[in-house]
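**Q** I have a structure I would like to understand better, so I am pasting it below and will then ask my questions one at a time.
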Number of protein chains: 2
Amino acid sequence: MTTAIIQLYELADVNGRRYSVFSWRTRLALAHKGLAWESVPVKASDKTAIAFSGQKKVPIIRDGDRVVHDSWKIAEYLEDTYPNRPSLFGGETGRSLARFFNSYADRQLVGSLFPALMLENVGMLAADDAAHIRTGMEKPLGKTLEELAAGREQAQQAFSRALDPVRSVLRTQPYVSGAKPAYPDYILFSVFQWARITTALSIVAADDALLPWFDRLLDSFDSLGRNEPAKR
Amino acid sequence: MTTAIIQLYELADVNGRRYSVFSWRTRLALAHKGLAWESVPVKASDKTAIAFSGQKKVPIIRDGDRVVHDSWKIAEYLEDTYPNRPSLFGGETGRSLARFFNSYADRQLVGSLFPALMLENVGMLAADDAAHIRTGMEKPLGKTLEELAAGREQAQQAFSRALDPVRSVLRTQPYVSGAKPAYPDYILFSVFQWARITTALSIVAADDALLPWFDRLLDSFDSLGRNEPAKR
């Protein structure tokens, strides 16, 4: 048995702002489980701090001698390692459907918002981190972030449309996961939180039914989400 | 306690083919629960057979003196009324996430396939049923089914793209719901089965990872799905 506090290695800018969409999933998952944890900032352009993990992606958690990376794998690890704490998935069917929701969010939501936010996201970073991320993204895309941002309005509309099924369920239940939030809510929260931290733009209409849901989650866990300064 | 067999009122054409996307959800839900049930055909243009339900939509189930309509409400009714039979949702979180999946399927999958299939769907019906459905759809849309079908190729591409999150999870689990199928699989099955019955066109590529999944479900429950003749 380990008594060490869990360490979460995650991207942070020079002001300590946690701007990674994925690490917000892990943050709320750790809080949901009621585990003691601490955040260890990682620079995008300098991964020496996470050399111990044998790879270069964040978020990573270190729980005693266990090291897990990838936000989805971390959620599964926490659920399996701490089964007597509040469940992130509500059973095996819930876990399988959460896996679908994770994929839906990555492909349809993060994918759509990406062109709208990435230029601003890079704009808030120090020159070394900004250059590192820019190069890593522009190469595979074959486009500059500025070119990508030109499709911003259309991207944002696609994002809002892709959220229709969520709006529909929030008419009959307060959270995506039902009466109480669970991991699928944290997946969706991470996308809204990413936008809240990186852009002054509204990503949905001012009267969108998703905003009260987001507000409730910002207040959760002693305002863990709200305590992170918003861009505007 | 009732000993009456459950009756499922659902659309059928003059050859008895069950062509309603929604009634296939209920059919597999009844089979999953292992309940005794029988199908009662309903003509789209003559709803006298379901006057007892006080409304005009199908599918409807009649379980003793209980009458429930709307495929989602029927699934919830079956889960709540027969809790000791195999679960459709795998718990409350699973139910909430299944509600999301239902909405995703209706908006992104049925919605996308609609322009590609509706003209053919109507083409397989007798004149009275075809005219009834055509009028009911063309009026609110402000378009003829022929005009709608002109966007068929684009609609089918949108359909296939919207399935990406499903393809992604089927790489790590055999069913949307996990190791075994549950209601979310039947929701998705209903869309593929609707296409199988109403069109000779392929709705996905011949090597699509979804086809082996569909095949397995066609074989389930003594080939309940496969016994319904395909269009081609």
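Labels for the structure tokens follow display order: chains A, B, ..., residues from 1 in each chain, ligands from 1.
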Counting only C-alpha atoms, what is within 10 Å of Phe214 in chain A, bar same-chain residues fewer than 3 positions away, as a VMD selection string?
**A** chain A and resid 175 185 to 186 188 to 190 192 to 193 209 to 211 217 to 220 225
**Q** Hey, could you make a per-residue contact list for chain A against chain B with 10 Å as the cut-off, showing the nearest pair of atoms and its distance in Å to one decimal, counting only C-alpha atoms, sorted by chain and number, as a Markdown table?
**A**
| residue | atom | partner | partner_atom | distance |
| --- | --- | --- | --- | --- |
| A:Ser87 | CA | B:Thr93 | CA | 9.8 |
| A:Leu88 | CA | B:Thr93 | CA | 9.4 |
| A:Phe89 | CA | B:Thr93 | CA | 6.9 |
| A:Gly90 | CA | B:Thr93 | CA | 5.3 |
| A:Gly91 | CA | B:Gly90 | CA | 7.0 |
| A:Glu92 | CA | B:Gly178 | CA | 7.2 |
| A:Thr93 | CA | B:Gly90 | CA | 5.4 |
| A:Gly94 | CA | B:Gly94 | CA | 4.3 |
| A:Arg95 | CA | B:Gly178 | CA | 8.0 |
| A:Ser96 | CA | B:Gly178 | CA | 5.1 |
| A:Leu97 | CA | B:Ser177 | CA | 6.0 |
| A:Ala98 | CA | B:Leu97 | CA | 7.5 |
| A:Arg99 | CA | B:Val169 | CA | 6.6 |
| A:Phe100 | CA | B:Val169 | CA | 5.9 |
| A:Phe101 | CA | B:Pro165 | CA | 7.9 |
| A:Asn102 | CA | B:Pro165 | CA | 8.3 |
| A:Ser103 | CA | B:Pro165 | CA | 5.0 |
| A:Tyr104 | CA | B:Pro165 | CA | 5.1 |
| A:Ala105 | CA | B:Pro165 | CA | 8.6 |
| A:Asp106 | CA | B:Pro165 | CA | 8.6 |
| A:Arg107 | CA | B:Pro165 | CA | 6.9 |
| A:Gln108 | CA | B:Ala162 | CA | 8.4 |
| A:Arg161 | CA | B:Gln108 | CA | 9.7 |
| A:Ala162 | CA | B:Gln108 | CA | 8.4 |
| A:Leu163 | CA | B:Tyr104 | CA | 9.2 |
| A:Asp164 | CA | B:Arg107 | CA | 7.8 |
| A:Pro165 | CA | B:Ser103 | CA | 5.0 |
| A:Val166 | CA | B:Phe100 | CA | 6.5 |
| A:Arg167 | CA | B:Phe100 | CA | 9.3 |
| A:Ser168 | CA | B:Ser103 | CA | 6.8 |
| A:Val169 | CA | B:Phe100 | CA | 5.9 |
| A:Leu170 | CA | B:Phe100 | CA | 9.1 |
| A:Thr172 | CA | B:Arg99 | CA | 9.4 |
| A:Gln173 | CA | B:Ser96 | CA | 7.9 |
| A:Tyr175 | CA | B:Ser96 | CA | 8.6 |
| A:Val176 | CA | B:Ser96 | CA | 6.7 |
| A:Ser177 | CA | B:Thr93 | CA | 5.4 |
| A:Gly178 | CA | B:Ser96 | CA | 5.1 |
| A:Ala179 | CA | B:Ser96 | CA | 8.6 |
| A:Lys180 | CA | B:Thr93 | CA | 8.9 |
| A:Pro181 | CA | B:Thr93 | CA | 9.4 |
| A:Ala182 | CA | B:Thr93 | CA | 8.2 |
| A:Pro184 | CA | B:Leu97 | CA | 8.4 |
**Q** Please give the complete set of residues from range 4-120 of chain B that DSSP, run on the backbone, assigns to helix (DSSP H, G or I), formatted as an MDAnalysis selection string.
**A** chainID B and resid 21:32 48:53 71:81 92:120
**Q** Output C-alpha atoms of each residue in that selection to a file, as a compact mmCIF listing (two decimals), in the first residue's frame.
**A**
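Written out: again-v5.txt:
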# COMPACT_ATOMS: atom_id res chain seq x y z
CA VAL B 21 -36.44 2.37 -37.65
CA PHE B 22 -37.90 2.87 -34.18
CA SER B 23 -39.78 -0.40 -33.87
CA TRP B 24 -36.51 -2.33 -34.36
CA ARG B 25 -35.25 -0.76 -31.14
CA THR B 26 -38.28 -2.11 -29.30
CA ARG B 27 -38.08 -5.53 -31.00
CA LEU B 28 -34.53 -6.12 -29.82
CA ALA B 29 -35.28 -4.67 -26.38
CA LEU B 30 -38.14 -7.18 -25.96
CA ALA B 31 -35.90 -10.01 -27.15
CA HIS B 32 -33.08 -8.88 -24.82
CA THR B 48 -57.72 2.80 -36.22
CA ALA B 49 -55.85 -0.22 -34.83
CA ILE B 50 -54.08 2.03 -32.30
CA ALA B 51 -56.98 4.31 -31.39
CA PHE B 52 -56.89 2.70 -27.91
CA SER B 53 -53.56 4.44 -27.24
CA SER B 71 -39.31 3.63 -28.34
CA TRP B 72 -37.24 5.32 -25.62
CA LYS B 73 -40.14 5.32 -23.13
CA ILE B 74 -40.81 1.69 -23.97
CA ALA B 75 -37.17 0.80 -23.21
CA GLU B 76 -37.41 2.58 -19.85
CA TYR B 77 -40.74 0.89 -19.11
CA LEU B 78 -39.30 -2.56 -19.84
CA GLU B 79 -36.22 -1.91 -17.70
CA ASP B 80 -38.30 -0.65 -14.76
CA THR B 81 -41.06 -3.27 -15.04
CA GLU B 92 -28.49 4.48 -13.86
CA THR B 93 -25.34 5.97 -15.38
CA GLY B 94 -25.69 3.56 -18.28
CA ARG B 95 -29.31 4.64 -18.70
CA SER B 96 -28.35 8.32 -18.77
CA LEU B 97 -25.58 7.70 -21.30
CA ALA B 98 -27.95 5.53 -23.37
CA ARG B 99 -30.31 8.52 -23.48
CA PHE B 100 -27.43 10.54 -24.92
CA PHE B 101 -26.69 7.78 -27.44
CA ASN B 102 -30.36 7.71 -28.45
CA SER B 103 -30.27 11.43 -29.11
CA TYR B 104 -26.96 11.17 -30.98
CA ALA B 105 -28.41 8.40 -33.18
CA ASP B 106 -31.63 10.28 -33.92
CA ARG B 107 -29.99 13.59 -34.72
CA GLN B 108 -26.76 12.58 -36.39
CA LEU B 109 -27.51 9.16 -37.88
CA VAL B 110 -31.23 8.97 -38.65
CA GLY B 111 -31.12 12.66 -39.50
CA SER B 112 -28.28 12.16 -41.98
CA LEU B 113 -29.64 9.01 -43.56
CA PHE B 114 -33.14 10.39 -43.93
CA PRO B 115 -32.54 12.21 -47.28
CA ALA B 116 -30.73 9.13 -48.62
CA LEU B 117 -33.44 6.62 -47.74
CA MET B 118 -36.86 8.21 -47.46
CA LEU B 119 -37.70 8.19 -51.15
CA GLU B 120 -36.90 4.49 -51.40
**Q** For Lys43 in chain B, list every protein, DNA or RNA residue within 12 Å, evaluated using only C-alpha atoms, and leave out those in the same chain fewer than 3 positions away; present the list as a PyMOL selection string.
**A** chain B and resi 9-20+40+46-50+56-59+125-133
**Q** The selected residues should be written to file as a PDB file, in the first residue's frame (atoms: N, CA and C atoms).
**A**
ATOM      1  N   TYR B   9     -47.307  -2.898 -31.384  1.00  0.00           N
ATOM      2  CA  TYR B   9     -47.943  -2.287 -32.557  1.00  0.00           C
ATOM      3  C   TYR B   9     -46.883  -1.508 -33.308  1.00  0.00           C
ATOM      4  N   GLU B  10     -46.728  -1.830 -34.598  1.00  0.00           N
ATOM      5  CA  GLU B  10     -45.638  -1.212 -35.360  1.00  0.00           C
ATOM      6  C   GLU B  10     -45.999  -1.147 -36.836  1.00  0.00           C
ATOM      7  N   LEU B  11     -45.360  -0.224 -37.530  1.00  0.00           N
ATOM      8  CA  LEU B  11     -45.606  -0.058 -38.963  1.00  0.00           C
ATOM      9  C   LEU B  11     -45.220  -1.325 -39.733  1.00  0.00           C
ATOM     10  N   ALA B  12     -46.041  -1.684 -40.705  1.00  0.00           N
ATOM     11  CA  ALA B  12     -45.713  -2.783 -41.616  1.00  0.00           C
ATOM     12  C   ALA B  12     -46.260  -2.434 -42.990  1.00  0.00           C
ATOM     13  N   ASP B  13     -45.567  -2.910 -44.036  1.00  0.00           N
ATOM     14  CA  ASP B  13     -46.107  -2.693 -45.381  1.00  0.00           C
ATOM     15  C   ASP B  13     -47.058  -3.836 -45.729  1.00  0.00           C
ATOM     16  N   VAL B  14     -47.607  -3.827 -46.943  1.00  0.00           N
ATOM     17  CA  VAL B  14     -48.609  -4.855 -47.302  1.00  0.00           C
ATOM     18  C   VAL B  14     -48.018  -6.264 -47.312  1.00  0.00           C
ATOM     19  N   ASN B  15     -46.694  -6.369 -47.436  1.00  0.00           N
ATOM     20  CA  ASN B  15     -46.055  -7.682 -47.376  1.00  0.00           C
ATOM     21  C   ASN B  15     -45.623  -8.048 -45.954  1.00  0.00           C
ATOM     22  N   GLY B  16     -46.017  -7.219 -45.015  1.00  0.00           N
ATOM     23  CA  GLY B  16     -45.698  -7.511 -43.622  1.00  0.00           C
ATOM     24  C   GLY B  16     -44.304  -7.081 -43.196  1.00  0.00           C
ATOM     25  N   ARG B  17     -43.571  -6.396 -44.073  1.00  0.00           N
ATOM     26  CA  ARG B  17     -42.228  -5.967 -43.706  1.00  0.00           C
ATOM     27  C   ARG B  17     -42.265  -4.839 -42.681  1.00  0.00           C
ATOM     28  N   ARG B  18     -41.466  -4.989 -41.621  1.00  0.00           N
ATOM     29  CA  ARG B  18     -41.412  -3.980 -40.562  1.00  0.00           C
ATOM     30  C   ARG B  18     -40.348  -2.966 -40.958  1.00  0.00           C
ATOM     31  N   TYR B  19     -40.761  -1.832 -41.473  1.00  0.00           N
ATOM     32  CA  TYR B  19     -39.811  -0.879 -42.044  1.00  0.00           C
ATOM     33  C   TYR B  19     -39.540   0.323 -41.143  1.00  0.00           C
ATOM     34  N   SER B  20     -40.065   0.319 -39.923  1.00  0.00           N
ATOM     35  CA  SER B  20     -39.857   1.474 -39.034  1.00  0.00           C
ATOM     36  C   SER B  20     -38.548   1.347 -38.277  1.00  0.00           C
ATOM     37  N   VAL B  40     -48.083  -6.613 -33.950  1.00  0.00           N
ATOM     38  CA  VAL B  40     -49.363  -6.286 -34.574  1.00  0.00           C
ATOM     39  C   VAL B  40     -49.100  -5.231 -35.645  1.00  0.00           C
ATOM     40  N   ASP B  46     -53.689   4.268 -41.836  1.00  0.00           N
ATOM     41  CA  ASP B  46     -54.919   3.869 -41.136  1.00  0.00           C
ATOM     42  C   ASP B  46     -54.573   3.479 -39.702  1.00  0.00           C
ATOM     43  N   LYS B  47     -54.787   4.407 -38.789  1.00  0.00           N
ATOM     44  CA  LYS B  47     -54.355   4.204 -37.408  1.00  0.00           C
ATOM     45  C   LYS B  47     -55.495   3.742 -36.492  1.00  0.00           C
ATOM     46  N   THR B  48     -56.597   3.229 -37.087  1.00  0.00           N
ATOM     47  CA  THR B  48     -57.717   2.804 -36.224  1.00  0.00           C
ATOM     48  C   THR B  48     -57.266   1.712 -35.255  1.00  0.00           C
ATOM     49  N   ALA B  49     -56.312   0.879 -35.681  1.00  0.00           N
ATOM     50  CA  ALA B  49     -55.846  -0.223 -34.826  1.00  0.00           C
ATOM     51  C   ALA B  49     -55.206   0.275 -33.525  1.00  0.00           C
ATOM     52  N   ILE B  50     -54.743   1.522 -33.520  1.00  0.00           N
ATOM     53  CA  ILE B  50     -54.081   2.025 -32.299  1.00  0.00           C
ATOM     54  C   ILE B  50     -54.858   3.156 -31.637  1.00  0.00           C
ATOM     55  N   LYS B  56     -51.304   8.857 -32.156  1.00  0.00           N
ATOM     56  CA  LYS B  56     -51.167   8.253 -33.482  1.00  0.00           C
ATOM     57  C   LYS B  56     -49.768   7.754 -33.829  1.00  0.00           C
ATOM     58  N   LYS B  57     -48.900   7.712 -32.826  1.00  0.00           N
ATOM     59  CA  LYS B  57     -47.527   7.299 -33.143  1.00  0.00           C
ATOM     60  C   LYS B  57     -47.261   5.849 -32.776  1.00  0.00           C
ATOM     61  N   VAL B  58     -46.440   5.193 -33.576  1.00  0.00           N
ATOM     62  CA  VAL B  58     -45.968   3.852 -33.300  1.00  0.00           C
ATOM     63  C   VAL B  58     -44.444   3.910 -33.218  1.00  0.00           C
ATOM     64  N   PRO B  59     -43.755   2.986 -32.568  1.00  0.00           N
ATOM     65  CA  PRO B  59     -44.286   1.779 -31.923  1.00  0.00           C
ATOM     66  C   PRO B  59     -45.002   2.052 -30.596  1.00  0.00           C
ATOM     67  N   LEU B 125     -43.858   1.084 -50.417  1.00  0.00           N
ATOM     68  CA  LEU B 125     -45.169   1.031 -49.752  1.00  0.00           C
ATOM     69  C   LEU B 125     -46.328   1.102 -50.749  1.00  0.00           C
ATOM     70  N   ALA B 126     -47.504   0.628 -50.326  1.00  0.00           N
ATOM     71  CA  ALA B 126     -48.721   0.771 -51.121  1.00  0.00           C
ATOM     72  C   ALA B 126     -49.058   2.254 -51.252  1.00  0.00           C
ATOM     73  N   ALA B 127     -49.854   2.571 -52.272  1.00  0.00           N
ATOM     74  CA  ALA B 127     -50.115   3.976 -52.620  1.00  0.00           C
ATOM     75  C   ALA B 127     -50.667   4.781 -51.439  1.00  0.00           C
ATOM     76  N   ASP B 128     -51.594   4.219 -50.684  1.00  0.00           N
ATOM     77  CA  ASP B 128     -52.203   4.980 -49.581  1.00  0.00           C
ATOM     78  C   ASP B 128     -51.181   5.299 -48.482  1.00  0.00           C
ATOM     79  N   ASP B 129     -50.377   4.304 -48.101  1.00  0.00           N
ATOM     80  CA  ASP B 129     -49.353   4.533 -47.070  1.00  0.00           C
ATOM     81  C   ASP B 129     -48.270   5.489 -47.572  1.00  0.00           C
ATOM     82  N   ALA B 130     -47.865   5.293 -48.826  1.00  0.00           N
ATOM     83  CA  ALA B 130     -46.825   6.151 -49.408  1.00  0.00           C
ATOM     84  C   ALA B 130     -47.277   7.613 -49.424  1.00  0.00           C
ATOM     85  N   ALA B 131     -48.529   7.834 -49.850  1.00  0.00           N
ATOM     86  CA  ALA B 131     -49.047   9.206 -49.928  1.00  0.00           C
ATOM     87  C   ALA B 131     -49.127   9.830 -48.532  1.00  0.00           C
ATOM     88  N   HIS B 132     -49.550   9.026 -47.573  1.00  0.00           N
ATOM     89  CA  HIS B 132     -49.686   9.512 -46.197  1.00  0.00           C
ATOM     90  C   HIS B 132     -48.343   9.973 -45.633  1.00  0.00           C
ATOM     91  N   ILE B 133     -47.339   9.128 -45.797  1.00  0.00           N
ATOM     92  CA  ILE B 133     -46.008   9.452 -45.257  1.00  0.00           C
ATOM     93  C   ILE B 133     -45.396  10.621 -46.020  1.00  0.00           C
TER      94      ILE B 133
END
**Q** Return as a PyMOL selection string the full set of residues in range 17-219 of chain B whose backbone-based DSSP assignment is strand (DSSP E or B).
**A** chain B and resi 37-43+46+60-63+66-69+175+178
**Q** CA of Gly142 in chain A to CA of Ala155 in chain A: how many Å, to one decimal?
**A**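 Separation between CA of Gly142 in chain A and CA of Ala155 in chain A: 17.7 Å.
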